[in-house]
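Q: Pasting a structure here, questions to come.
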Amino acid sequence: MRDVAVGALLVLGVAAELLACAGVLAARGTFNRLHYTGPTVLGGLAIGLAVLVEEGFSLIGDRGLEVAAVIAVTSPVIVQAIARAARVGERGSLDVTGDDVELLR
């Protein structure tokens, strides 16, 4: 039974990672691509849980949870930093301009 759970979690994790990769490849533009990085958090958590289920609460199982937690916490921060850097690269600053207001209407 444990092998089935590990297999299911690994399939879910790898599928989420592949879905995110396919979305990043298919999307146009930096900001659209950033939206498709979200499933990587789910994939990382599923793979970390698969390690925990296989190894139990041990040094390796705890390390799987630790890696999953780091991915869950840092992924949104990294996406935000990339988005801010891309905006500065495209527009020259983070300030809202009149063009941005027109895009919202």
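Labeling convention for the structure tokens: chains A, B, ... as they appear, residues from 1 per chain, ligands from 1 in order of appearance.
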Taking the DSSP assignment computed from this structure's backbone, write out as a ChimeraX atom specification all residues of chain A that belong to helix (DSSP H, G or I).

A: /A:2-26,30-35,39-55,59-91,98-104

Q: Could you work out how far CA of Ala16 in chain A lies from CA of Arg33 in chain A, giving the answer in Å with one decimal?

A: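 Computing the Euclidean distance for CA of Arg33 in chain A and CA of Ala16 in chain A yields 15.2 Å.
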
Q: How far is it from CA of His35 in chain A to CA of Ile71 in chain A, in Å with one decimal?

A: 16.1 Å

Q: Pick from A:Val70, A:Ala85, A:Leu65, A:Ile78: nearest to Gly38 in chain A, with only C-alpha atoms counted?

A: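 Closest residue, counting only C-alpha atoms: A:Ile78.
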
Q: Which one of A:Gly29, A:Gly44, A:Gly64, A:Gly56 sits closest to Glu17 in chain A if you count only C-alpha atoms?

A: A:Gly44

Q: Rank A:Met1, A:Thr37, A:Gly43, A:Gly48 by their smallest atom-to-atom distance to Val14 in chain A, using only C-alpha atoms, and report the top residue only.

A: A:Gly43

Q: Which value, in Å to one decimal, gives the distance between CA of Ala20 in chain A and CA of Leu45 in chain A?

A: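 Atom-to-atom, CA of Ala20 in chain A and CA of Leu45 in chain A are spaced 14.2 Å apart.
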
Q: Of the candidates A:Ala27, A:Ser93, A:Glu54, A:Gly61, which shows the shortest atom-to-atom distance to Leu10 in chain A, using only C-alpha atoms?

A: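 For Leu10 in chain A, the nearest of the candidates is A:Glu54.
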
Q: Identify, on the basis of only C-alpha atoms, every residue whose closest approach to Leu52 in chain A does not exceed 9 Å; exclude the query and any residue fewer than 5 positions from it along the same chain; express the result as an NGL selection string.

A: :A and (6 or 47 or 57-58 or 60-65)
